[in-house]
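Shown next: structure-v2.pdb, given as PDB, C-alpha atoms, pLDDT in the B column.
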ATOM      1  CA  MET A   1      33.873 -29.374  -6.772  1.00 45.00           C
ATOM      2  CA  SER A   2      32.478 -32.079  -4.527  1.00 44.00           C
ATOM      3  CA  SER A   3      35.861 -33.854  -4.600  1.00 45.00           C
ATOM      4  CA  GLU A   4      37.320 -30.814  -2.823  1.00 49.00           C
ATOM      5  CA  LYS A   5      34.906 -31.255   0.062  1.00 56.00           C
ATOM      6  CA  ARG A   6      35.754 -33.123   3.259  1.00 61.00           C
ATOM      7  CA  ALA A   7      35.711 -36.889   2.868  1.00 72.00           C
ATOM      8  CA  ARG A   8      32.878 -38.214   4.981  1.00 81.00           C
ATOM      9  CA  PRO A   9      30.312 -36.967   7.493  1.00 85.00           C
ATOM     10  CA  ARG A  10      29.861 -38.522  10.895  1.00 86.00           C
ATOM     11  CA  MET A  11      27.470 -41.372  10.195  1.00 90.00           C
ATOM     12  CA  THR A  12      24.970 -40.932  13.006  1.00 91.00           C
ATOM     13  CA  ILE A  13      21.774 -42.970  12.872  1.00 92.00           C
ATOM     14  CA  PRO A  14      19.665 -40.004  11.587  1.00 93.00           C
ATOM     15  CA  THR A  15      22.318 -39.277   8.910  1.00 93.00           C
ATOM     16  CA  GLN A  16      22.183 -42.910   7.811  1.00 93.00           C
ATOM     17  CA  LEU A  17      18.381 -42.855   7.717  1.00 94.00           C
ATOM     18  CA  VAL A  18      18.366 -39.683   5.605  1.00 95.00           C
ATOM     19  CA  LEU A  19      20.910 -41.139   3.185  1.00 94.00           C
ATOM     20  CA  ARG A  20      19.011 -44.406   2.939  1.00 94.00           C
ATOM     21  CA  SER A  21      15.772 -42.600   2.148  1.00 94.00           C
ATOM     22  CA  LEU A  22      17.486 -40.600  -0.609  1.00 95.00           C
ATOM     23  CA  LEU A  23      19.246 -43.690  -1.955  1.00 94.00           C
ATOM     24  CA  ALA A  24      15.949 -45.568  -2.243  1.00 92.00           C
ATOM     25  CA  GLU A  25      15.335 -43.601  -5.458  1.00 89.00           C
ATOM     26  CA  PRO A  26      18.497 -41.624  -6.212  1.00 89.00           C
ATOM     27  CA  ALA A  27      17.035 -39.818  -9.220  1.00 88.00           C
ATOM     28  CA  ARG A  28      13.956 -38.641  -7.337  1.00 91.00           C
ATOM     29  CA  GLU A  29      13.838 -35.226  -5.717  1.00 94.00           C
ATOM     30  CA  LEU A  30      12.325 -35.012  -2.249  1.00 95.00           C
ATOM     31  CA  TYR A  31      11.480 -32.030  -0.061  1.00 94.00           C
ATOM     32  CA  GLY A  32      12.116 -31.832   3.661  1.00 93.00           C
ATOM     33  CA  LEU A  33       8.864 -33.313   4.939  1.00 93.00           C
ATOM     34  CA  GLN A  34       9.023 -36.166   2.442  1.00 93.00           C
ATOM     35  CA  ILE A  35      12.557 -37.001   3.567  1.00 94.00           C
ATOM     36  CA  CYS A  36      11.410 -36.957   7.207  1.00 93.00           C
ATOM     37  CA  ALA A  37       8.531 -39.288   6.384  1.00 92.00           C
ATOM     38  CA  ALA A  38      10.727 -41.626   4.331  1.00 92.00           C
ATOM     39  CA  ALA A  39      13.434 -41.697   7.010  1.00 93.00           C
ATOM     40  CA  GLY A  40      10.941 -42.099   9.847  1.00 93.00           C
ATOM     41  CA  LEU A  41      12.295 -39.016  11.614  1.00 92.00           C
ATOM     42  CA  PRO A  42      10.181 -36.293  13.215  1.00 89.00           C
ATOM     43  CA  SER A  43       9.574 -33.249  11.020  1.00 83.00           C
ATOM     44  CA  GLY A  44      11.971 -30.426  11.710  1.00 80.00           C
ATOM     45  CA  THR A  45      14.961 -32.576  12.610  1.00 85.00           C
ATOM     46  CA  ILE A  46      16.783 -33.073   9.347  1.00 93.00           C
ATOM     47  CA  HIS A  47      17.894 -29.627   8.220  1.00 93.00           C
ATOM     48  CA  PRO A  48      21.282 -29.677   9.982  1.00 93.00           C
ATOM     49  CA  ILE A  49      21.964 -33.046   8.331  1.00 94.00           C
ATOM     50  CA  LEU A  50      20.872 -31.807   4.919  1.00 94.00           C
ATOM     51  CA  ALA A  51      22.895 -28.602   5.338  1.00 93.00           C
ATOM     52  CA  ARG A  52      26.015 -30.589   6.224  1.00 92.00           C
ATOM     53  CA  LEU A  53      25.573 -33.073   3.380  1.00 93.00           C
ATOM     54  CA  GLU A  54      24.892 -30.318   0.875  1.00 93.00           C
ATOM     55  CA  HIS A  55      27.296 -27.560   1.833  1.00 91.00           C
ATOM     56  CA  GLU A  56      30.096 -29.301   3.686  1.00 89.00           C
ATOM     57  CA  TYR A  57      30.392 -32.573   1.770  1.00 90.00           C
ATOM     58  CA  GLY A  58      28.693 -31.820  -1.556  1.00 91.00           C
ATOM     59  CA  TRP A  59      26.762 -35.098  -1.547  1.00 93.00           C
ATOM     60  CA  LEU A  60      23.406 -33.405  -2.128  1.00 94.00           C
ATOM     61  CA  THR A  61      22.114 -30.706  -4.389  1.00 95.00           C
ATOM     62  CA  SER A  62      18.965 -28.713  -3.867  1.00 95.00           C
ATOM     63  CA  ARG A  63      16.793 -26.379  -5.875  1.00 96.00           C
ATOM     64  CA  TRP A  64      13.643 -24.359  -5.434  1.00 95.00           C
ATOM     65  CA  GLU A  65      10.484 -25.744  -6.941  1.00 94.00           C
ATOM     66  CA  ASP A  66       9.801 -24.061 -10.231  1.00 92.00           C
ATOM     67  CA  ILE A  67       6.383 -22.570  -9.514  1.00 90.00           C
ATOM     68  CA  LYS A  68       4.912 -19.133  -9.017  1.00 85.00           C
ATOM     69  CA  PRO A  69       3.579 -19.162  -5.449  1.00 84.00           C
ATOM     70  CA  GLU A  70       0.902 -16.573  -6.244  1.00 79.00           C
ATOM     71  CA  ASP A  71      -0.455 -18.750  -9.082  1.00 83.00           C
ATOM     72  CA  GLU A  72      -0.308 -22.014  -7.135  1.00 84.00           C
ATOM     73  CA  GLY A  73      -1.550 -20.496  -3.891  1.00 83.00           C
ATOM     74  CA  ARG A  74       1.215 -22.114  -1.857  1.00 87.00           C
ATOM     75  CA  PRO A  75       4.886 -21.441  -1.091  1.00 90.00           C
ATOM     76  CA  ARG A  76       7.516 -23.118  -3.234  1.00 93.00           C
ATOM     77  CA  ARG A  77       9.336 -26.127  -1.822  1.00 94.00           C
ATOM     78  CA  ARG A  78      13.020 -26.833  -1.654  1.00 96.00           C
ATOM     79  CA  TYR A  79      13.838 -30.141  -3.323  1.00 96.00           C
ATOM     80  CA  TYR A  80      16.877 -32.275  -2.498  1.00 96.00           C
ATOM     81  CA  ARG A  81      18.542 -35.083  -4.392  1.00 95.00           C
ATOM     82  CA  LEU A  82      21.863 -36.884  -4.356  1.00 94.00           C
ATOM     83  CA  ALA A  83      24.520 -35.064  -6.340  1.00 92.00           C
ATOM     84  CA  GLU A  84      26.522 -36.653  -9.102  1.00 88.00           C
ATOM     85  CA  GLY A  85      28.933 -38.932  -7.282  1.00 88.00           C
ATOM     86  CA  GLY A  86      27.070 -38.373  -4.006  1.00 90.00           C
ATOM     87  CA  ALA A  87      25.068 -41.585  -4.350  1.00 91.00           C
ATOM     88  CA  GLU A  88      28.201 -43.684  -4.685  1.00 91.00           C
ATOM     89  CA  ARG A  89      29.872 -41.997  -1.726  1.00 92.00           C
ATOM     90  CA  ALA A  90      26.743 -42.378   0.356  1.00 92.00           C
ATOM     91  CA  ARG A  91      26.549 -46.096  -0.455  1.00 93.00           C
ATOM     92  CA  ILE A  92      30.191 -46.619   0.510  1.00 92.00           C
ATOM     93  CA  ALA A  93      29.813 -44.604   3.714  1.00 91.00           C
ATOM     94  CA  LEU A  94      26.680 -46.539   4.678  1.00 92.00           C
ATOM     95  CA  ALA A  95      28.422 -49.851   4.026  1.00 91.00           C
ATOM     96  CA  GLN A  96      31.420 -48.774   6.134  1.00 88.00           C
ATOM     97  CA  ALA A  97      29.106 -47.561   8.906  1.00 84.00           C
ATOM     98  CA  ALA A  98      27.263 -50.893   8.870  1.00 78.00           C
ATOM     99  CA  THR A  99      30.569 -52.776   9.043  1.00 74.00           C
ATOM    100  CA  SER A 100      31.939 -50.724  11.923  1.00 68.00           C
ATOM    101  CA  ALA A 101      28.605 -50.981  13.774  1.00 59.00           C
ATOM    102  CA  GLY A 102      28.684 -54.754  13.320  1.00 54.00           C
ATOM    103  CA  THR A 103      32.243 -54.934  14.645  1.00 53.00           C
ATOM    104  CA  THR A 104      31.348 -52.808  17.669  1.00 50.00           C
ATOM    105  CA  ILE A 105      28.255 -54.871  18.424  1.00 48.00           C
ATOM    106  CA  GLY A 106      30.285 -58.066  17.997  1.00 47.00           C
ATOM    107  CA  LEU A 107      32.919 -56.885  20.480  1.00 45.00           C
ATOM    108  CA  ARG A 108      30.348 -55.766  23.001  1.00 46.00           C
ATOM    109  CA  ALA A 109      28.375 -58.984  22.665  1.00 42.00           C
ATOM    110  CA  TRP A 110      31.427 -61.097  23.489  1.00 44.00           C
ATOM    111  CA  PRO A 111      30.653 -62.778  26.824  1.00 43.00           C
ATOM    112  CA  VAL A 112      33.212 -61.764  29.431  1.00 40.00           C
ATOM    113  CA  GLY A 113      33.551 -65.334  30.769  1.00 42.00           C
ATOM    114  CA  ASP A 114      34.413 -66.696  27.314  1.00 43.00           C
ATOM    115  CA  LEU A 115      37.300 -64.283  26.741  1.00 40.00           C
ATOM    116  CA  PRO A 116      40.575 -66.076  26.141  1.00 39.00           C
TER     117      PRO A 116
ATOM    118  CA  MET B   1      22.053  14.839  17.286  1.00 47.00           C
ATOM    119  CA  SER B   2      19.533  13.236  19.604  1.00 51.00           C
ATOM    120  CA  THR B   3      20.034   9.682  20.865  1.00 54.00           C
ATOM    121  CA  PRO B   4      17.883   7.205  18.937  1.00 53.00           C
ATOM    122  CA  THR B   5      15.219   5.593  21.111  1.00 59.00           C
ATOM    123  CA  LEU B   6      13.517   2.236  20.792  1.00 57.00           C
ATOM    124  CA  ALA B   7      10.410   4.039  19.529  1.00 61.00           C
ATOM    125  CA  ASP B   8      12.491   5.501  16.645  1.00 62.00           C
ATOM    126  CA  ALA B   9      14.316   2.266  15.992  1.00 63.00           C
ATOM    127  CA  ARG B  10      11.207   0.129  15.449  1.00 62.00           C
ATOM    128  CA  PRO B  11       9.756   2.018  12.463  1.00 64.00           C
ATOM    129  CA  ARG B  12      13.237   2.373  11.032  1.00 64.00           C
ATOM    130  CA  ALA B  13      13.860  -1.378  11.269  1.00 64.00           C
ATOM    131  CA  ARG B  14      10.393  -2.033   9.823  1.00 64.00           C
ATOM    132  CA  TYR B  15      11.165   0.276   6.917  1.00 63.00           C
ATOM    133  CA  ARG B  16      14.429  -1.509   6.212  1.00 64.00           C
ATOM    134  CA  VAL B  17      12.725  -4.918   6.181  1.00 64.00           C
ATOM    135  CA  SER B  18      10.004  -3.510   3.916  1.00 62.00           C
ATOM    136  CA  ALA B  19      12.586  -2.091   1.556  1.00 63.00           C
ATOM    137  CA  LEU B  20      14.249  -5.512   1.316  1.00 64.00           C
ATOM    138  CA  ASP B  21      10.871  -7.108   0.596  1.00 64.00           C
ATOM    139  CA  TYR B  22      10.224  -4.528  -2.070  1.00 62.00           C
ATOM    140  CA  ALA B  23      13.585  -5.101  -3.673  1.00 61.00           C
ATOM    141  CA  ARG B  24      13.072  -8.848  -3.625  1.00 61.00           C
ATOM    142  CA  ALA B  25       9.591  -8.564  -5.108  1.00 55.00           C
ATOM    143  CA  ARG B  26      10.912  -6.494  -7.983  1.00 55.00           C
ATOM    144  CA  ASP B  27      13.902  -8.797  -8.530  1.00 53.00           C
ATOM    145  CA  MET B  28      16.276  -6.035  -7.570  1.00 55.00           C
ATOM    146  CA  ASP B  29      19.480  -6.629  -5.729  1.00 52.00           C
ATOM    147  CA  PRO B  30      18.767  -5.255  -2.253  1.00 51.00           C
ATOM    148  CA  PHE B  31      22.445  -4.858  -1.538  1.00 52.00           C
ATOM    149  CA  SER B  32      23.307  -2.946  -4.686  1.00 52.00           C
ATOM    150  CA  ALA B  33      24.498   0.648  -4.439  1.00 50.00           C
ATOM    151  CA  PRO B  34      21.831   2.920  -2.980  1.00 57.00           C
ATOM    152  CA  VAL B  35      19.746   4.885  -5.448  1.00 60.00           C
ATOM    153  CA  ARG B  36      20.649   8.569  -5.736  1.00 65.00           C
ATOM    154  CA  TYR B  37      17.562  10.752  -5.711  1.00 68.00           C
ATOM    155  CA  ARG B  38      17.338  14.171  -7.307  1.00 73.00           C
ATOM    156  CA  SER B  39      15.269  15.507  -4.476  1.00 77.00           C
ATOM    157  CA  ASP B  40      13.900  14.640  -1.085  1.00 77.00           C
ATOM    158  CA  SER B  41      10.393  14.460  -2.501  1.00 80.00           C
ATOM    159  CA  ALA B  42      11.507  11.823  -5.061  1.00 76.00           C
ATOM    160  CA  ARG B  43      13.053   9.820  -2.239  1.00 74.00           C
ATOM    161  CA  GLY B  44       9.850  10.212  -0.219  1.00 77.00           C
ATOM    162  CA  ARG B  45       7.668   9.067  -3.123  1.00 78.00           C
ATOM    163  CA  ASP B  46       9.848   5.978  -3.672  1.00 75.00           C
ATOM    164  CA  ARG B  47       9.819   5.209   0.030  1.00 73.00           C
ATOM    165  CA  ASP B  48       5.989   5.465   0.130  1.00 76.00           C
ATOM    166  CA  ARG B  49       5.685   3.194  -2.894  1.00 76.00           C
ATOM    167  CA  ALA B  50       8.077   0.681  -1.314  1.00 72.00           C
ATOM    168  CA  LEU B  51       6.144   0.714   1.946  1.00 74.00           C
ATOM    169  CA  ALA B  52       2.760   0.317   0.207  1.00 75.00           C
ATOM    170  CA  HIS B  53       4.095  -2.558  -1.862  1.00 70.00           C
ATOM    171  CA  ALA B  54       5.705  -4.250   1.135  1.00 68.00           C
ATOM    172  CA  ARG B  55       2.508  -3.833   3.162  1.00 72.00           C
ATOM    173  CA  ALA B  56       0.476  -5.431   0.357  1.00 71.00           C
ATOM    174  CA  LEU B  57       2.991  -8.281   0.177  1.00 67.00           C
ATOM    175  CA  ALA B  58       2.914  -8.819   3.938  1.00 68.00           C
ATOM    176  CA  CYS B  59      -0.915  -8.819   3.940  1.00 70.00           C
ATOM    177  CA  ALA B  60      -1.038 -11.337   1.069  1.00 66.00           C
ATOM    178  CA  ARG B  61       1.504 -13.529   2.841  1.00 67.00           C
ATOM    179  CA  ALA B  62      -0.422 -13.378   6.125  1.00 67.00           C
ATOM    180  CA  ARG B  63      -3.716 -14.107   4.323  1.00 67.00           C
ATOM    181  CA  GLY B  64      -2.112 -17.136   2.621  1.00 66.00           C
ATOM    182  CA  LEU B  65      -0.750 -18.457   5.910  1.00 68.00           C
ATOM    183  CA  ARG B  66      -4.061 -17.912   7.709  1.00 67.00           C
ATOM    184  CA  ALA B  67      -5.972 -19.630   4.920  1.00 65.00           C
ATOM    185  CA  ALA B  68      -3.684 -22.650   5.182  1.00 71.00           C
ATOM    186  CA  GLY B  69      -4.310 -22.869   8.928  1.00 84.00           C
ATOM    187  CA  VAL B  70      -0.764 -21.972   9.917  1.00 89.00           C
ATOM    188  CA  VAL B  71      -0.397 -21.228  13.632  1.00 90.00           C
ATOM    189  CA  PRO B  72       1.198 -17.753  13.898  1.00 91.00           C
ATOM    190  CA  SER B  73       3.293 -18.634  16.950  1.00 93.00           C
ATOM    191  CA  ALA B  74       4.811 -21.601  15.064  1.00 94.00           C
ATOM    192  CA  ALA B  75       5.644 -19.266  12.173  1.00 93.00           C
ATOM    193  CA  GLY B  76       7.199 -16.879  14.710  1.00 93.00           C
ATOM    194  CA  LEU B  77       9.393 -19.677  16.083  1.00 95.00           C
ATOM    195  CA  LEU B  78      10.597 -20.396  12.549  1.00 95.00           C
ATOM    196  CA  THR B  79      11.413 -16.727  11.952  1.00 93.00           C
ATOM    197  CA  PHE B  80      13.479 -16.790  15.119  1.00 94.00           C
ATOM    198  CA  ALA B  81      15.141 -20.092  14.102  1.00 95.00           C
ATOM    199  CA  ALA B  82      16.144 -18.588  10.760  1.00 94.00           C
ATOM    200  CA  ARG B  83      17.715 -15.634  12.571  1.00 94.00           C
ATOM    201  CA  LEU B  84      20.138 -18.015  14.281  1.00 93.00           C
ATOM    202  CA  LEU B  85      21.574 -19.008  10.900  1.00 94.00           C
ATOM    203  CA  PRO B  86      24.354 -17.151   9.081  1.00 92.00           C
ATOM    204  CA  THR B  87      23.051 -13.986   7.403  1.00 91.00           C
ATOM    205  CA  ALA B  88      23.607 -15.309   3.887  1.00 91.00           C
ATOM    206  CA  ASP B  89      21.453 -18.405   4.533  1.00 92.00           C
ATOM    207  CA  ARG B  90      18.611 -16.852   6.515  1.00 92.00           C
ATOM    208  CA  ALA B  91      16.314 -16.013   3.620  1.00 92.00           C
ATOM    209  CA  ARG B  92      16.647 -19.440   2.027  1.00 93.00           C
ATOM    210  CA  TYR B  93      16.116 -21.487   5.171  1.00 94.00           C
ATOM    211  CA  GLY B  94      13.439 -19.121   6.504  1.00 93.00           C
ATOM    212  CA  GLU B  95      11.450 -19.671   3.316  1.00 93.00           C
ATOM    213  CA  GLU B  96      12.093 -23.411   3.383  1.00 95.00           C
ATOM    214  CA  TYR B  97      10.959 -23.751   7.017  1.00 94.00           C
ATOM    215  CA  LYS B  98       7.795 -21.766   6.338  1.00 92.00           C
ATOM    216  CA  SER B  99       6.986 -23.731   3.226  1.00 93.00           C
ATOM    217  CA  GLU B 100       7.204 -26.937   5.278  1.00 94.00           C
ATOM    218  CA  LEU B 101       5.029 -25.443   8.003  1.00 94.00           C
ATOM    219  CA  TRP B 102       2.501 -24.516   5.328  1.00 93.00           C
ATOM    220  CA  ASP B 103       2.547 -28.104   4.025  1.00 92.00           C
ATOM    221  CA  LEU B 104       2.127 -29.421   7.562  1.00 92.00           C
ATOM    222  CA  ALA B 105      -0.810 -27.092   8.184  1.00 92.00           C
ATOM    223  CA  ARG B 106      -2.431 -28.065   4.886  1.00 90.00           C
ATOM    224  CA  SER B 107      -2.064 -31.740   5.755  1.00 90.00           C
ATOM    225  CA  GLY B 108      -4.221 -31.091   8.817  1.00 89.00           C
ATOM    226  CA  ALA B 109      -1.514 -30.733  11.498  1.00 88.00           C
ATOM    227  CA  GLY B 110      -2.998 -29.038  14.548  1.00 90.00           C
ATOM    228  CA  ARG B 111      -1.593 -26.330  16.787  1.00 92.00           C
ATOM    229  CA  LEU B 112       0.546 -28.698  18.880  1.00 94.00           C
ATOM    230  CA  ARG B 113       2.135 -30.443  15.905  1.00 93.00           C
ATOM    231  CA  GLN B 114       2.962 -27.139  14.267  1.00 94.00           C
ATOM    232  CA  LEU B 115       4.426 -25.771  17.478  1.00 95.00           C
ATOM    233  CA  GLY B 116       6.414 -28.997  17.856  1.00 94.00           C
ATOM    234  CA  TYR B 117       7.784 -28.495  14.358  1.00 95.00           C
ATOM    235  CA  GLY B 118       8.720 -24.892  15.172  1.00 95.00           C
ATOM    236  CA  LEU B 119      10.414 -25.887  18.423  1.00 95.00           C
ATOM    237  CA  ARG B 120      12.373 -28.693  16.787  1.00 94.00           C
ATOM    238  CA  GLN B 121      13.602 -26.342  14.070  1.00 94.00           C
ATOM    239  CA  LEU B 122      14.545 -23.815  16.716  1.00 94.00           C
ATOM    240  CA  ARG B 123      16.410 -26.449  18.730  1.00 93.00           C
ATOM    241  CA  ARG B 124      18.335 -27.582  15.673  1.00 92.00           C
ATOM    242  CA  ALA B 125      18.946 -24.151  14.198  1.00 93.00           C
ATOM    243  CA  LEU B 126      22.211 -23.854  16.108  1.00 90.00           C
ATOM    244  CA  ALA B 127      23.431 -27.160  14.656  1.00 89.00           C
ATOM    245  CA  ALA B 128      22.322 -26.076  11.168  1.00 91.00           C
ATOM    246  CA  GLY B 129      24.071 -22.719  11.636  1.00 92.00           C
ATOM    247  CA  PHE B 130      27.216 -24.496  12.782  1.00 89.00           C
ATOM    248  CA  ALA B 131      27.155 -26.791   9.717  1.00 88.00           C
ATOM    249  CA  LEU B 132      26.640 -23.843   7.365  1.00 90.00           C
ATOM    250  CA  ARG B 133      29.383 -21.762   8.995  1.00 90.00           C
ATOM    251  CA  SER B 134      31.892 -24.603   8.973  1.00 86.00           C
ATOM    252  CA  ALA B 135      31.117 -25.322   5.298  1.00 82.00           C
ATOM    253  CA  ARG B 136      31.702 -21.658   4.502  1.00 81.00           C
ATOM    254  CA  ARG B 137      34.956 -21.650   6.490  1.00 82.00           C
ATOM    255  CA  GLY B 138      36.049 -24.811   4.667  1.00 76.00           C
ATOM    256  CA  SER B 139      35.396 -23.354   1.218  1.00 71.00           C
ATOM    257  CA  ALA B 140      37.092 -20.076   2.199  1.00 72.00           C
ATOM    258  CA  ALA B 141      40.170 -21.982   3.386  1.00 72.00           C
ATOM    259  CA  ARG B 142      40.338 -23.789   0.047  1.00 65.00           C
TER     260      ARG B 142
END
Would you write out, as structure tokens, the structure that this file holds?
Amino acid sequence: MSSEKRARPRMTIPTQLVLRSLLAEPARELYGLQICAAAGLPSGTIHPILARLEHEYGWLTSRWEDIKPEDEGRPRRRYYRLAEGGAERARIALAQAATSAGTTIGLRAWPVGDLP
Amino acid sequence: MSTPTLADARPRARYRVSALDYARARDMDPFSAPVRYRSDSARGRDRDRALAHARALACARARGLRAAGVVPSAAGLLTFAARLLPTADRARYGEEYKSELWDLARSGAGRLRQLGYGLRQLRRALAAGFALRSARRGSAAR
């Protein structure tokens, strides 16, 4: 199913940070606030990214925490993790983003006077 | 037939929301075919039961939020943020936002931090809605 999804999201800095935090432990499930903390982003900023990665590209899967809120005395959390194949795609996309960022920085850093 | 006024519309809307809560609490499909009642009194009894149940649920929910130290205006912002999402995703994201607010409140976040969280979710709800809609359009096109 995920292979039918669009190839690659726009790799903005927050998207890269979210992917990096999930790739740190690909088998581990994290909920929204944990992802924010791991990515160093303010709480409440990552849901559009997660929605895109989950629904549009199929790189993530999510599930509700398996608890009864009335027994635990707290609402259930929504946990996210990289989907099967999502980790590999994320790694490739991050590597490509790093390469293109390096190229851009290299071009910009070229001193005008030294241009051939 | 008289024109419905805002005063009529409010209790009607409240009843509909309560009925959805009731259906959800009893694991019923709220969008299934409407129940056919044998009489008006049977319909009335069911409606009263639904309302009582929904009221109890709402009270329990509010008590839980208050106990956790959740700021009501932040919760209100999240309700509004969820309304900006596509109808099919509202319940899921609404619950997810509120669960995170609850966690924030439990971790000792004060009024300002909770309001900040609510405002950020509200600001990004349009982007989230756009992502969800475009994903739905994409899967429909396929």
Please enumerate the residues selected by the PyMOL selection byres ((chain B and resi 88-105) around 10) when evaluated against the supplied file, formatted as a PDB file with C-alpha atoms, in the coordinates of the input.
ATOM      1  CA  TYR A  31      11.480 -32.030  -0.061  1.00 94.00           C
ATOM      2  CA  GLY A  32      12.116 -31.832   3.661  1.00 93.00           C
ATOM      3  CA  LEU A  33       8.864 -33.313   4.939  1.00 93.00           C
ATOM      4  CA  GLN A  34       9.023 -36.166   2.442  1.00 93.00           C
ATOM      5  CA  SER A  43       9.574 -33.249  11.020  1.00 83.00           C
ATOM      6  CA  GLY A  44      11.971 -30.426  11.710  1.00 80.00           C
ATOM      7  CA  HIS A  47      17.894 -29.627   8.220  1.00 93.00           C
ATOM      8  CA  ALA A  51      22.895 -28.602   5.338  1.00 93.00           C
ATOM      9  CA  TRP A  64      13.643 -24.359  -5.434  1.00 95.00           C
ATOM     10  CA  ARG A  74       1.215 -22.114  -1.857  1.00 87.00           C
ATOM     11  CA  PRO A  75       4.886 -21.441  -1.091  1.00 90.00           C
ATOM     12  CA  ARG A  76       7.516 -23.118  -3.234  1.00 93.00           C
ATOM     13  CA  ARG A  77       9.336 -26.127  -1.822  1.00 94.00           C
ATOM     14  CA  ARG A  78      13.020 -26.833  -1.654  1.00 96.00           C
ATOM     15  CA  TYR A  79      13.838 -30.141  -3.323  1.00 96.00           C
TER      16      TYR A  79
ATOM     17  CA  GLY B  64      -2.112 -17.136   2.621  1.00 66.00           C
ATOM     18  CA  LEU B  65      -0.750 -18.457   5.910  1.00 68.00           C
ATOM     19  CA  ARG B  66      -4.061 -17.912   7.709  1.00 67.00           C
ATOM     20  CA  ALA B  67      -5.972 -19.630   4.920  1.00 65.00           C
ATOM     21  CA  ALA B  68      -3.684 -22.650   5.182  1.00 71.00           C
ATOM     22  CA  GLY B  69      -4.310 -22.869   8.928  1.00 84.00           C
ATOM     23  CA  VAL B  70      -0.764 -21.972   9.917  1.00 89.00           C
ATOM     24  CA  VAL B  71      -0.397 -21.228  13.632  1.00 90.00           C
ATOM     25  CA  ALA B  74       4.811 -21.601  15.064  1.00 94.00           C
ATOM     26  CA  ALA B  75       5.644 -19.266  12.173  1.00 93.00           C
ATOM     27  CA  GLY B  76       7.199 -16.879  14.710  1.00 93.00           C
ATOM     28  CA  LEU B  78      10.597 -20.396  12.549  1.00 95.00           C
ATOM     29  CA  THR B  79      11.413 -16.727  11.952  1.00 93.00           C
ATOM     30  CA  PHE B  80      13.479 -16.790  15.119  1.00 94.00           C
ATOM     31  CA  ALA B  81      15.141 -20.092  14.102  1.00 95.00           C
ATOM     32  CA  ALA B  82      16.144 -18.588  10.760  1.00 94.00           C
ATOM     33  CA  ARG B  83      17.715 -15.634  12.571  1.00 94.00           C
ATOM     34  CA  LEU B  84      20.138 -18.015  14.281  1.00 93.00           C
ATOM     35  CA  LEU B  85      21.574 -19.008  10.900  1.00 94.00           C
ATOM     36  CA  PRO B  86      24.354 -17.151   9.081  1.00 92.00           C
ATOM     37  CA  THR B  87      23.051 -13.986   7.403  1.00 91.00           C
ATOM     38  CA  ARG B 106      -2.431 -28.065   4.886  1.00 90.00           C
ATOM     39  CA  SER B 107      -2.064 -31.740   5.755  1.00 90.00           C
ATOM     40  CA  GLY B 108      -4.221 -31.091   8.817  1.00 89.00           C
ATOM     41  CA  ALA B 109      -1.514 -30.733  11.498  1.00 88.00           C
ATOM     42  CA  GLY B 110      -2.998 -29.038  14.548  1.00 90.00           C
ATOM     43  CA  ARG B 111      -1.593 -26.330  16.787  1.00 92.00           C
ATOM     44  CA  ARG B 113       2.135 -30.443  15.905  1.00 93.00           C
ATOM     45  CA  GLN B 114       2.962 -27.139  14.267  1.00 94.00           C
ATOM     46  CA  LEU B 115       4.426 -25.771  17.478  1.00 95.00           C
ATOM     47  CA  TYR B 117       7.784 -28.495  14.358  1.00 95.00           C
ATOM     48  CA  GLY B 118       8.720 -24.892  15.172  1.00 95.00           C
ATOM     49  CA  GLN B 121      13.602 -26.342  14.070  1.00 94.00           C
ATOM     50  CA  ALA B 125      18.946 -24.151  14.198  1.00 93.00           C
ATOM     51  CA  ALA B 128      22.322 -26.076  11.168  1.00 91.00           C
ATOM     52  CA  GLY B 129      24.071 -22.719  11.636  1.00 92.00           C
ATOM     53  CA  LEU B 132      26.640 -23.843   7.365  1.00 90.00           C
ATOM     54  CA  ARG B 133      29.383 -21.762   8.995  1.00 90.00           C
TER      55      ARG B 133
END
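Against this structure, the PyMOL selection byres ((chain A and resi 92) around 12) ends up with Ala7, Arg8, Pro9, Met11, Gln16, Leu19, Arg20, Leu23, Gly85, Gly86, Ala87, Glu88, Arg89, Ala90, Arg91, Ala93, Leu94, Ala95, Gln96, Ala97, Ala98 and Thr99 of chain A.
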As JSON, please: the centre and edge lengths in Å, to one decimal, of an axis-aligned box enclosing every listed atom of stretch 119-126 of chain B with 5 Å added on each side.
{"center_x": 16.3, "center_y": -26.3, "center_z": 16.4, "size_x": 21.8, "size_y": 14.9, "size_z": 14.7}
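Picture a line from atom CA of A:Arg52 to atom CA of B:Leu122; it runs 17.0 Å.
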Check which residues satisfy the PyMOL selection byres ((chain A and resi 28) around 10) in the file shown, then give them as a list in words.
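Given this file, the PyMOL selection byres ((chain A and resi 28) around 10) evaluates to Leu22, Leu23, Ala24, Glu25, Pro26, Ala27, Glu29, Leu30, Tyr79, Tyr80, Arg81 and Leu82 of chain A.
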Okay, now the selection with C-alpha atoms, as a compact mmCIF listing (two decimals), keeping the file's coordinate frame?
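out31.txt, written as the output of this step:
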# COMPACT_ATOMS: atom_id res chain seq x y z
CA LEU A 22 17.49 -40.60 -0.61
CA LEU A 23 19.25 -43.69 -1.96
CA ALA A 24 15.95 -45.57 -2.24
CA GLU A 25 15.34 -43.60 -5.46
CA PRO A 26 18.50 -41.62 -6.21
CA ALA A 27 17.04 -39.82 -9.22
CA GLU A 29 13.84 -35.23 -5.72
CA LEU A 30 12.32 -35.01 -2.25
CA TYR A 79 13.84 -30.14 -3.32
CA TYR A 80 16.88 -32.28 -2.50
CA ARG A 81 18.54 -35.08 -4.39
CA LEU A 82 21.86 -36.88 -4.36
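All protein, DNA and RNA residues at most 10 Å from (34.7, -27.4, 4.9) are Glu4, Lys5, Arg6, Ala7, Arg52, His55, Glu56, Tyr57 and Gly58 of chain A; Ala131, Leu132, Arg133, Ser134, Ala135, Arg136, Arg137, Gly138, Ser139, Ala140, Ala141 and Arg142 of chain B, using only C-alpha atoms.
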